[in-house]
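Novice: Data: upload-v5.cif, mmCIF, C-alpha atoms.
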data_entry
#
loop_
_atom_site.group_PDB
_atom_site.id
_atom_site.type_symbol
_atom_site.label_atom_id
_atom_site.label_comp_id
_atom_site.auth_asym_id
_atom_site.auth_seq_id
_atom_site.Cartn_x
_atom_site.Cartn_y
_atom_site.Cartn_z
ATOM 1 C CA MET U 144 -32.834 -9.022 -18.853
ATOM 2 C CA ARG U 145 -30.173 -11.684 -18.846
ATOM 3 C CA LYS U 146 -26.811 -10.600 -17.421
ATOM 4 C CA LEU U 147 -23.723 -11.198 -19.588
ATOM 5 C CA TYR U 148 -20.398 -11.838 -17.825
ATOM 6 C CA VAL U 149 -17.061 -11.028 -19.374
ATOM 7 C CA LEU U 150 -14.032 -12.708 -17.806
ATOM 8 C CA LEU U 151 -10.971 -10.590 -17.117
ATOM 9 C CA LEU U 152 -8.167 -12.988 -16.267
ATOM 10 C CA ALA U 153 -5.605 -11.835 -13.732
ATOM 11 C CA ALA U 154 -5.385 -8.388 -15.232
ATOM 12 C CA ALA U 155 -7.300 -6.583 -12.515
ATOM 13 C CA VAL U 156 -5.020 -7.276 -9.581
ATOM 14 C CA LEU U 157 -1.678 -8.958 -10.156
ATOM 15 C CA LEU U 158 0.375 -8.019 -7.143
ATOM 16 C CA LEU U 159 4.009 -8.972 -7.310
ATOM 17 C CA GLY U 160 5.266 -7.176 -4.262
ATOM 18 C CA THR U 161 7.610 -4.270 -3.737
ATOM 19 C CA PRO U 162 11.337 -4.555 -3.052
ATOM 20 C CA ALA U 163 12.145 -6.618 0.071
ATOM 21 C CA ARG U 164 8.485 -7.565 0.675
ATOM 22 C CA ALA U 165 6.509 -10.693 -0.135
ATOM 23 C CA ALA U 166 3.697 -10.526 -2.695
ATOM 24 C CA ASP U 167 0.506 -9.899 -0.735
ATOM 25 C CA ASN U 168 -2.876 -8.418 -1.685
ATOM 26 C CA GLY U 169 -4.350 -8.535 1.819
ATOM 27 C CA ASN U 170 -6.318 -11.749 1.227
ATOM 28 C CA TRP U 171 -3.471 -14.081 0.349
ATOM 29 C CA ALA U 172 0.298 -14.004 -0.004
ATOM 30 C CA VAL U 173 2.795 -15.960 -2.105
ATOM 31 C CA TYR U 174 6.467 -16.218 -1.150
ATOM 32 C CA PRO U 175 9.450 -18.608 -1.055
ATOM 33 C CA ALA U 176 9.182 -21.189 1.696
ATOM 34 C CA SER U 177 11.261 -20.141 4.697
ATOM 35 C CA ALA U 178 10.910 -19.397 8.387
ATOM 36 C CA ALA U 179 9.537 -15.931 7.565
ATOM 37 C CA ALA U 180 8.467 -14.301 4.320
ATOM 38 C CA GLU U 181 10.389 -11.132 5.125
ATOM 39 C CA ARG U 182 13.678 -13.032 5.141
ATOM 40 C CA ARG U 183 13.220 -14.315 1.597
ATOM 41 C CA PRO U 184 10.713 -12.232 -0.351
ATOM 42 C CA TYR U 185 11.725 -13.463 -3.825
ATOM 43 C CA PHE U 186 13.360 -16.470 -5.474
ATOM 44 C CA TYR U 187 16.971 -15.741 -6.473
ATOM 45 C CA LEU U 188 18.208 -18.736 -8.472
ATOM 46 C CA SER U 189 21.254 -19.591 -10.558
ATOM 47 C CA ALA U 190 21.688 -22.613 -12.815
ATOM 48 C CA ASP U 191 23.775 -24.045 -15.618
ATOM 49 C CA PRO U 192 22.047 -24.892 -18.912
ATOM 50 C CA GLY U 193 20.644 -28.411 -18.836
ATOM 51 C CA THR U 194 20.241 -28.584 -15.044
ATOM 52 C CA THR U 195 17.187 -28.814 -12.782
ATOM 53 C CA LEU U 196 16.571 -26.800 -9.611
ATOM 54 C CA THR U 197 14.127 -27.611 -6.816
ATOM 55 C CA ASP U 198 12.519 -25.236 -4.342
ATOM 56 C CA LYS U 199 9.267 -24.640 -2.476
ATOM 57 C CA VAL U 200 6.628 -21.915 -2.574
ATOM 58 C CA THR U 201 4.204 -21.046 0.212
ATOM 59 C CA VAL U 202 0.662 -19.744 -0.299
ATOM 60 C CA THR U 203 -0.976 -18.175 2.771
ATOM 61 C CA ASN U 204 -4.733 -17.660 3.026
ATOM 62 C CA LYS U 205 -5.536 -14.658 5.241
ATOM 63 C CA THR U 206 -9.312 -14.916 4.945
ATOM 64 C CA ALA U 207 -11.896 -16.742 7.100
ATOM 65 C CA ALA U 208 -12.870 -19.194 4.338
ATOM 66 C CA PRO U 209 -10.967 -21.804 2.279
ATOM 67 C CA MET U 210 -9.546 -20.595 -1.042
ATOM 68 C CA ALA U 211 -8.742 -22.591 -4.184
ATOM 69 C CA PHE U 212 -5.864 -21.502 -6.413
ATOM 70 C CA ARG U 213 -4.312 -22.406 -9.731
ATOM 71 C CA LEU U 214 -0.533 -22.395 -9.304
ATOM 72 C CA TYR U 215 1.638 -21.776 -12.381
ATOM 73 C CA GLY U 216 4.943 -20.316 -13.560
ATOM 74 C CA ALA U 217 4.943 -17.140 -15.630
ATOM 75 C CA ASP U 218 7.391 -15.042 -17.638
ATOM 76 C CA ALA U 219 7.898 -11.424 -16.619
ATOM 77 C CA TYR U 220 7.890 -8.308 -18.781
ATOM 78 C CA ASN U 221 7.858 -4.510 -18.474
ATOM 79 C CA THR U 222 4.473 -2.889 -18.974
ATOM 80 C CA GLU U 223 4.148 -0.417 -21.844
ATOM 81 C CA ARG U 224 2.404 2.166 -19.667
ATOM 82 C CA ASP U 225 5.102 2.785 -17.066
ATOM 83 C CA GLY U 226 7.667 0.003 -17.345
ATOM 84 C CA GLY U 227 6.403 -1.758 -14.216
ATOM 85 C CA PHE U 228 7.169 -5.420 -13.471
ATOM 86 C CA ALA U 229 4.317 -7.671 -14.671
ATOM 87 C CA VAL U 230 3.879 -11.331 -15.630
ATOM 88 C CA ARG U 231 2.029 -13.273 -18.307
ATOM 89 C CA THR U 232 -1.415 -14.646 -17.565
ATOM 90 C CA LEU U 233 -2.231 -18.347 -17.437
ATOM 91 C CA ARG U 234 -3.615 -18.284 -20.976
ATOM 92 C CA GLU U 235 -0.598 -16.572 -22.534
ATOM 93 C CA PRO U 236 2.347 -18.558 -23.960
ATOM 94 C CA GLN U 237 5.362 -18.900 -21.652
ATOM 95 C CA HIS U 238 8.800 -19.143 -23.240
ATOM 96 C CA GLY U 239 11.336 -18.652 -20.433
ATOM 97 C CA VAL U 240 11.267 -19.411 -16.726
ATOM 98 C CA GLY U 241 7.476 -19.596 -16.912
ATOM 99 C CA ALA U 242 7.696 -22.591 -19.234
ATOM 100 C CA TRP U 243 10.521 -24.213 -17.255
ATOM 101 C CA THR U 244 8.787 -23.994 -13.843
ATOM 102 C CA LYS U 245 6.540 -26.903 -12.827
ATOM 103 C CA PRO U 246 4.792 -27.019 -9.409
ATOM 104 C CA ASP U 247 4.161 -30.471 -7.951
ATOM 105 C CA ARG U 248 0.497 -29.459 -7.783
ATOM 106 C CA THR U 249 -1.249 -26.921 -9.965
ATOM 107 C CA ALA U 250 -4.529 -27.031 -8.006
ATOM 108 C CA VAL U 251 -4.076 -25.928 -4.393
ATOM 109 C CA THR U 252 -6.766 -25.425 -1.728
ATOM 110 C CA VAL U 253 -5.659 -23.449 1.327
ATOM 111 C CA PRO U 254 -7.800 -23.580 4.507
ATOM 112 C CA ALA U 255 -8.843 -20.407 6.276
ATOM 113 C CA HIS U 256 -6.009 -18.628 8.085
ATOM 114 C CA ALA U 257 -3.542 -21.307 6.997
ATOM 115 C CA SER U 258 -0.638 -21.884 4.635
ATOM 116 C CA VAL U 259 0.249 -24.582 2.130
ATOM 117 C CA THR U 260 3.771 -25.190 0.833
ATOM 118 C CA VAL U 261 4.232 -26.729 -2.612
ATOM 119 C CA PRO U 262 7.530 -28.025 -4.058
ATOM 120 C CA PHE U 263 8.391 -27.096 -7.639
ATOM 121 C CA THR U 264 11.159 -27.674 -10.168
ATOM 122 C CA VAL U 265 12.831 -25.382 -12.672
ATOM 123 C CA THR U 266 14.252 -27.390 -15.587
ATOM 124 C CA VAL U 267 16.652 -25.228 -17.582
ATOM 125 C CA PRO U 268 17.009 -26.399 -21.209
ATOM 126 C CA ALA U 269 20.469 -27.312 -22.446
ATOM 127 C CA ASP U 270 20.230 -24.590 -25.095
ATOM 128 C CA ALA U 271 18.961 -21.877 -22.728
ATOM 129 C CA GLU U 272 20.515 -18.498 -23.404
ATOM 130 C CA PRO U 273 22.799 -17.204 -20.655
ATOM 131 C CA GLY U 274 21.699 -14.215 -18.608
ATOM 132 C CA ASP U 275 18.621 -13.254 -16.631
ATOM 133 C CA HIS U 276 15.244 -14.943 -17.039
ATOM 134 C CA PRO U 277 12.778 -13.165 -14.725
ATOM 135 C CA GLY U 278 9.314 -14.447 -13.932
ATOM 136 C CA ALA U 279 7.048 -15.460 -11.055
ATOM 137 C CA LEU U 280 5.203 -18.291 -9.369
ATOM 138 C CA VAL U 281 1.589 -17.167 -9.501
ATOM 139 C CA ALA U 282 -1.367 -18.186 -7.344
ATOM 140 C CA LEU U 283 -4.520 -17.434 -9.357
ATOM 141 C CA ASP U 284 -7.808 -17.383 -7.466
ATOM 142 C CA GLU U 285 -10.096 -19.989 -9.054
ATOM 143 C CA LYS U 286 -13.158 -17.969 -8.072
ATOM 144 C CA VAL U 287 -14.466 -15.443 -10.577
ATOM 145 C CA ALA U 288 -15.813 -12.352 -8.838
ATOM 146 C CA ALA U 289 -19.064 -11.112 -10.368
ATOM 147 C CA GLY U 290 -19.297 -7.573 -11.664
ATOM 148 C CA GLN U 291 -22.221 -5.157 -11.662
ATOM 149 C CA GLY U 292 -24.656 -4.069 -14.361
ATOM 150 C CA GLU U 293 -26.131 -5.699 -17.455
ATOM 151 C CA LEU U 294 -22.717 -6.148 -19.044
ATOM 152 C CA ALA U 295 -20.719 -7.275 -16.024
ATOM 153 C CA MET U 296 -17.045 -8.022 -16.007
ATOM 154 C CA GLY U 297 -15.953 -11.066 -14.045
ATOM 155 C CA VAL U 298 -12.555 -10.699 -12.440
ATOM 156 C CA GLN U 299 -9.974 -13.241 -11.344
ATOM 157 C CA GLN U 300 -7.250 -11.989 -9.042
ATOM 158 C CA ALA U 301 -3.714 -13.300 -8.847
ATOM 159 C CA VAL U 302 -0.628 -12.816 -6.705
ATOM 160 C CA GLY U 303 2.849 -13.929 -7.685
ATOM 161 C CA ALA U 304 6.234 -14.338 -6.001
ATOM 162 C CA ARG U 305 8.987 -13.057 -8.260
ATOM 163 C CA VAL U 306 11.573 -15.451 -9.656
ATOM 164 C CA TYR U 307 14.975 -14.066 -10.656
ATOM 165 C CA LEU U 308 16.790 -16.860 -12.500
ATOM 166 C CA ARG U 309 20.249 -16.354 -13.969
ATOM 167 C CA VAL U 310 21.528 -18.943 -16.435
ATOM 168 C CA THR U 311 25.312 -19.123 -16.242
ATOM 169 C CA GLY U 312 27.372 -17.966 -19.199
ATOM 170 C CA PRO U 313 28.512 -14.668 -20.725
ATOM 171 C CA THR U 314 26.536 -11.644 -19.546
ATOM 172 C CA VAL U 315 26.191 -8.828 -22.053
ATOM 173 C CA PRO U 316 24.675 -5.580 -20.723
ATOM 174 C CA ALA U 317 23.471 -3.220 -23.452
ATOM 175 C CA LEU U 318 21.242 -0.160 -23.217
ATOM 176 C CA ALA U 319 19.880 2.136 -25.917
ATOM 177 C CA VAL U 320 17.790 5.302 -26.154
ATOM 178 C CA GLU U 321 15.706 5.180 -29.335
ATOM 179 C CA ASP U 322 13.062 7.144 -31.259
ATOM 180 C CA VAL U 323 13.375 10.491 -29.480
ATOM 181 C CA SER U 324 10.615 12.895 -30.507
ATOM 182 C CA LEU U 325 9.400 16.319 -29.345
ATOM 183 C CA ALA U 326 5.869 17.686 -29.125
ATOM 184 C CA GLN U 327 6.111 21.460 -28.693
ATOM 185 C CA HIS U 328 3.302 23.643 -27.345
ATOM 186 C CA ARG U 329 3.874 27.405 -27.400
ATOM 187 C CA PRO U 330 1.927 30.642 -28.047
ATOM 188 C CA LEU U 331 1.664 32.017 -31.580
ATOM 189 C CA VAL U 332 3.341 35.213 -30.488
ATOM 190 C CA PRO U 333 6.460 34.731 -28.322
ATOM 191 C CA GLY U 334 6.125 36.122 -24.814
ATOM 192 C CA THR U 335 2.317 36.154 -24.740
ATOM 193 C CA GLY U 336 1.873 32.845 -22.901
ATOM 194 C CA SER U 337 3.581 29.823 -21.434
ATOM 195 C CA SER U 338 5.241 27.046 -23.393
ATOM 196 C CA ARG U 339 6.019 23.404 -22.807
ATOM 197 C CA THR U 340 7.496 20.464 -24.651
ATOM 198 C CA VAL U 341 6.792 16.762 -24.165
ATOM 199 C CA ILE U 342 9.863 14.647 -24.897
ATOM 200 C CA SER U 343 9.107 11.046 -25.831
ATOM 201 C CA TYR U 344 11.696 8.291 -26.059
ATOM 202 C CA THR U 345 12.116 4.522 -25.964
ATOM 203 C CA LEU U 346 14.391 2.908 -23.395
ATOM 204 C CA HIS U 347 15.571 -0.444 -24.740
ATOM 205 C CA ASN U 348 17.453 -3.166 -22.857
ATOM 206 C CA ARG U 349 19.322 -4.812 -25.713
ATOM 207 C CA GLY U 350 21.361 -7.131 -23.475
ATOM 208 C CA ASN U 351 20.722 -10.305 -21.488
ATOM 209 C CA VAL U 352 20.798 -8.965 -17.915
ATOM 210 C CA THR U 353 18.335 -6.890 -15.907
ATOM 211 C CA LEU U 354 19.325 -3.224 -15.660
ATOM 212 C CA ASP U 355 18.582 -0.447 -13.169
ATOM 213 C CA PRO U 356 18.769 2.508 -15.577
ATOM 214 C CA LYS U 357 19.199 6.180 -14.808
ATOM 215 C CA VAL U 358 18.350 8.754 -17.484
ATOM 216 C CA ARG U 359 19.655 12.311 -17.740
ATOM 217 C CA LEU U 360 18.091 14.950 -19.962
ATOM 218 C CA LYS U 361 20.042 17.858 -21.437
ATOM 219 C CA ALA U 362 18.828 20.540 -23.829
ATOM 220 C CA THR U 363 21.021 23.115 -25.539
ATOM 221 C CA GLY U 364 20.094 26.178 -27.579
ATOM 222 C CA LEU U 365 21.893 28.403 -30.080
ATOM 223 C CA PHE U 366 25.668 28.625 -29.586
ATOM 224 C CA GLY U 367 25.586 25.632 -27.239
ATOM 225 C CA ARG U 368 23.768 27.405 -24.391
ATOM 226 C CA THR U 369 22.512 24.947 -21.735
ATOM 227 C CA LEU U 370 18.751 25.346 -21.434
ATOM 228 C CA LEU U 371 17.973 22.328 -19.272
ATOM 229 C CA SER U 372 19.929 19.626 -17.439
ATOM 230 C CA ARG U 373 18.306 17.218 -14.975
ATOM 231 C CA GLY U 374 17.824 13.584 -14.103
ATOM 232 C CA LEU U 375 14.485 11.934 -14.902
ATOM 233 C CA THR U 376 12.431 10.249 -12.214
ATOM 234 C CA ASN U 377 9.798 8.180 -14.062
ATOM 235 C CA VAL U 378 12.284 5.506 -15.168
ATOM 236 C CA PRO U 379 11.576 1.818 -14.384
ATOM 237 C CA ALA U 380 13.667 0.455 -11.524
ATOM 238 C CA GLU U 381 14.093 -2.823 -13.405
ATOM 239 C CA LEU U 382 14.407 -2.950 -17.175
ATOM 240 C CA LEU U 383 14.255 -6.628 -18.062
ATOM 241 C CA PRO U 384 16.357 -8.239 -20.824
ATOM 242 C CA GLY U 385 15.062 -7.553 -24.318
ATOM 243 C CA GLN U 386 12.344 -5.209 -23.073
ATOM 244 C CA LYS U 387 11.643 -1.714 -24.352
ATOM 245 C CA VAL U 388 9.507 0.952 -22.706
ATOM 246 C CA ARG U 389 8.107 4.146 -24.208
ATOM 247 C CA LEU U 390 8.498 7.021 -21.736
ATOM 248 C CA THR U 391 7.879 10.770 -21.666
ATOM 249 C CA ALA U 392 9.526 13.706 -19.928
ATOM 250 C CA PRO U 393 7.846 17.134 -19.586
ATOM 251 C CA TRP U 394 9.790 20.327 -20.206
ATOM 252 C CA ALA U 395 7.944 23.310 -18.775
ATOM 253 C CA GLY U 396 9.037 26.718 -20.017
ATOM 254 C CA SER U 397 10.702 25.388 -23.152
ATOM 255 C CA PRO U 398 12.013 27.997 -25.626
ATOM 256 C CA GLN U 399 9.542 29.978 -27.681
ATOM 257 C CA LEU U 400 12.146 31.320 -30.102
ATOM 258 C CA ASP U 401 15.297 29.260 -30.426
ATOM 259 C CA ARG U 402 16.987 26.395 -32.181
ATOM 260 C CA GLY U 403 18.808 23.572 -30.421
ATOM 261 C CA ASP U 404 19.089 19.934 -29.459
ATOM 262 C CA VAL U 405 17.728 17.578 -26.826
ATOM 263 C CA ARG U 406 19.824 14.605 -25.686
ATOM 264 C CA LEU U 407 18.909 11.797 -23.331
ATOM 265 C CA THR U 408 21.703 9.718 -21.799
ATOM 266 C CA ALA U 409 20.822 6.427 -20.099
ATOM 267 C CA SER U 410 23.274 4.628 -17.854
ATOM 268 C CA ALA U 411 23.350 1.459 -15.783
ATOM 269 C CA LYS U 412 26.109 -0.632 -14.272
ATOM 270 C CA GLY U 413 28.785 -1.010 -16.940
ATOM 271 C CA VAL U 414 26.776 0.423 -19.832
ATOM 272 C CA THR U 415 25.498 3.701 -21.320
ATOM 273 C CA GLY U 416 23.373 4.692 -24.282
ATOM 274 C CA SER U 417 22.100 7.974 -25.672
ATOM 275 C CA GLY U 418 19.813 9.455 -28.273
ATOM 276 C CA GLY U 419 18.523 12.863 -29.215
ATOM 277 C CA ALA U 420 16.557 15.154 -31.490
ATOM 278 C CA SER U 421 16.804 18.717 -32.757
ATOM 279 C CA PHE U 422 14.140 21.364 -32.321
ATOM 280 C CA LEU U 423 13.213 24.662 -33.950
ATOM 281 C CA ALA U 424 11.070 26.955 -31.814
ATOM 282 C CA LEU U 425 9.768 29.367 -34.421
ATOM 283 C CA PRO U 426 6.088 30.426 -34.171
ATOM 284 C CA TRP U 427 4.110 30.762 -37.396
ATOM 285 C CA PRO U 428 3.722 34.572 -37.255
ATOM 286 C CA VAL U 429 7.484 34.989 -36.908
ATOM 287 C CA LEU U 430 8.044 32.482 -39.704
ATOM 288 C CA ALA U 431 5.532 34.323 -41.899
ATOM 289 C CA VAL U 432 7.347 37.624 -41.298
ATOM 290 C CA LEU U 433 10.698 36.040 -42.155
ATOM 291 C CA VAL U 434 9.306 34.441 -45.311
ATOM 292 C CA ALA U 435 7.677 37.731 -46.347
ATOM 293 C CA ALA U 436 10.936 39.574 -45.740
ATOM 294 C CA LEU U 437 12.842 36.979 -47.755
ATOM 295 C CA VAL U 438 10.363 37.175 -50.630
ATOM 296 C CA ALA U 439 10.492 40.990 -50.573
ATOM 297 C CA GLY U 440 14.291 40.895 -50.515
ATOM 298 C CA VAL U 441 14.478 38.548 -53.493
ATOM 299 C CA ALA U 442 11.906 40.603 -55.409
ATOM 300 C CA GLY U 443 13.827 43.813 -54.710
ATOM 301 C CA TRP U 444 17.112 42.223 -55.787
ATOM 302 C CA ARG U 445 15.591 41.087 -59.084
ATOM 303 C CA LEU U 446 14.044 44.512 -59.667
ATOM 304 C CA ARG U 447 17.414 46.193 -59.135
ATOM 305 C CA ARG U 448 19.051 43.790 -61.589
ATOM 306 C CA VAL U 449 16.431 44.545 -64.245
ATOM 307 C CA ARG U 450 16.851 48.293 -63.771
ATOM 308 C CA GLY U 451 20.623 47.939 -63.907
ATOM 309 C CA ARG U 452 20.442 46.182 -67.265
ATOM 310 C CA ARG U 453 18.139 48.786 -68.721
ATOM 311 C CA GLY U 454 20.379 51.574 -67.519
#
How would this structure read if it were set down as structure tokens?

Specialist:
Amino acid sequence: MRKLYVLLLAAAVLLLGTPARAADNGNWAVYPASAAAERRPYFYLSADPGTTLTDKVTVTNKTAAPMAFRLYGADAYNTERDGGFAVRTLREPQHGVGAWTKPDRTAVTVPAHASVTVPFTVTVPADAEPGDHPGALVALDEKVAAGQGELAMGVQQAVGARVYLRVTGPTVPALAVEDVSLAQHRPLVPGTGSSRTVISYTLHNRGNVTLDPKVRLKATGLFGRTLLSRGLTNVPAELLPGQKVRLTAPWAGSPQLDRGDVRLTASAKGVTGSGGASFLALPWPVLAVLVAALVAGVAGWRLRRVRGRRG
């Protein structure tokens, strides 16, 4: 039977490095040209609108055979899944630093165990908005790796060196917590099992600079009792301008019989934002008893009124 290949562009492995380290997937690395990659892991650039910057990027082949790459600029974004730093693929439209970045060569062949350095320019439009424009210079492997099976998935791998470009002008940090919702899981009868609540919320960078947000969760019950107060750990280290990320926070042992509020407060340098939601922990059997008691009370009150009139 004929094998059908499906091409997965750059999505399988797009390594952009961790803080203070060059982007490297073990087979090749991409980093700003310098005496050593560790001294300059990323591009940190600043420019006025309407100006052009020049720099150089180095691609190092760590394998025993020549490798051919497609070199291109890409815009960065936060992934929906966990808010991680990612960049657009070659086939996606580029609107920011990805569109402004032009390597001298887009096709680059690097010999085995060697490096090639390529100059590039970043042309900032005269009407570019001030603030941060993150992206990357990406080296995409021209070779498509074959998959297995009748319906195989071909994979192209890519590695990119991050570009942090700031266009001069007013910087406006702004942070918001939006769309807070609660999914409660508790036993039908209070005290007969464990309970938990999943708190979902959207963290939104509404400004024009990259933020390093911290989020604190606080829950209060009846009469303002503090039920929970802690910092959250699964928050993206970099929330890029204009980006929003949907996140969740687990609350083990949440109330099984209570009423209160949940509030999330996000903070970064020079800015805060908060949002919240109310909850009612009232299992159906308890609610049914309360409704039955209310109905019985109303019925008894009406019966007494009727008897009083007849008397």

Novice: I'd like to see the residues matched by the PyMOL selection byres ((chain U and resi 205) around 8) on this file, and ideally I'd get them as an MDAnalysis selection string.

Specialist: chainID U and resid 169:172 203:204 206:207 255:257

Novice: Pick from U:Lys357, U:His328, U:Val253, U:Gly413: nearest to Val315 of chain U, with all atoms listed in the file counted?

Specialist: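 Smallest distance to Val315 of chain U is found for U:Gly413.
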
Novice: Please provide as a list in words all residues within 10 Å of Pro356 of chain U, with the sequence filter that same-chain residues fewer than 3 positions apart are discarded (counting only C-alpha atoms).

Specialist: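 Everything that qualifies: Leu318, Leu346, Asn348, Thr353, Val378, Pro379, Ala380, Glu381, Leu382, Thr408, Ala409, Ser410, Ala411, Lys412, Val414 and Thr415 of chain U.
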
Novice: Measuring atom to atom with only C-alpha atoms, identify which of U:Val405, U:Val200, U:Val298, U:Val306 is nearest to Thr340 of chain U.

Specialist: U:Val405

Novice: Nearest residue to Gln327 of chain U out of U:Tyr307, U:Lys199, U:Val341, U:Tyr220, using only C-alpha atoms?

Specialist: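 Distance minimum relative to Gln327 of chain U lands on U:Val341.
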
Novice: When you draw a straight line from atom CA of Thr244 of chain U to atom CA of Glu285 of chain U, how long is it in Å?

Specialist: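 It comes out at 19.9 Å.
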
Novice: Please enumerate the residues selected by the PyMOL selection byres ((chain U and resi 259) around 6) when evaluated against the supplied file, formatted as number ranges by chain.

Specialist: U: 201-202, 258, 260

Novice: Need the shell around segment 420-422 of chain U: protein/DNA/RNA residues with any atom at most 8 Å away, counting only C-alpha atoms. Skip same-chain ones fewer than 3 positions apart. Format as a PDB file with C-alpha atoms, in the frame of the given file?

Specialist:
ATOM      1  CA  VAL U 323      13.375  10.491 -29.480  1.00  0.00           C
ATOM      2  CA  SER U 324      10.615  12.895 -30.507  1.00  0.00           C
ATOM      3  CA  LEU U 325       9.400  16.319 -29.345  1.00  0.00           C
ATOM      4  CA  ARG U 402      16.987  26.395 -32.181  1.00  0.00           C
ATOM      5  CA  GLY U 403      18.808  23.572 -30.421  1.00  0.00           C
ATOM      6  CA  ASP U 404      19.089  19.934 -29.459  1.00  0.00           C
ATOM      7  CA  VAL U 405      17.728  17.578 -26.826  1.00  0.00           C
ATOM      8  CA  ARG U 406      19.824  14.605 -25.686  1.00  0.00           C
TER       9      ARG U 406
END

Novice: Kindly give the distance, in Å, that separates atom CA of Thr232 of chain U and atom CA of Ala217 of chain U, rounded to a single decimal.

Specialist: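 Going from atom CA of Thr232 of chain U over to atom CA of Ala217 of chain U, I get 7.1 Å.
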
Novice: Find the residues near His347 of chain U: any atom within 7 Å, counting all atoms listed in the file, skip ones fewer than 4 places away on the same chain, and give them as a PDB file with C-alpha atoms, in the frame of the given file.

Specialist:
ATOM      1  CA  LEU U 318      21.242  -0.160 -23.217  1.00  0.00           C
ATOM      2  CA  ALA U 319      19.880   2.136 -25.917  1.00  0.00           C
ATOM      3  CA  VAL U 320      17.790   5.302 -26.154  1.00  0.00           C
ATOM      4  CA  GLN U 386      12.344  -5.209 -23.073  1.00  0.00           C
ATOM      5  CA  LYS U 387      11.643  -1.714 -24.352  1.00  0.00           C
ATOM      6  CA  VAL U 388       9.507   0.952 -22.706  1.00  0.00           C
TER       7      VAL U 388
END
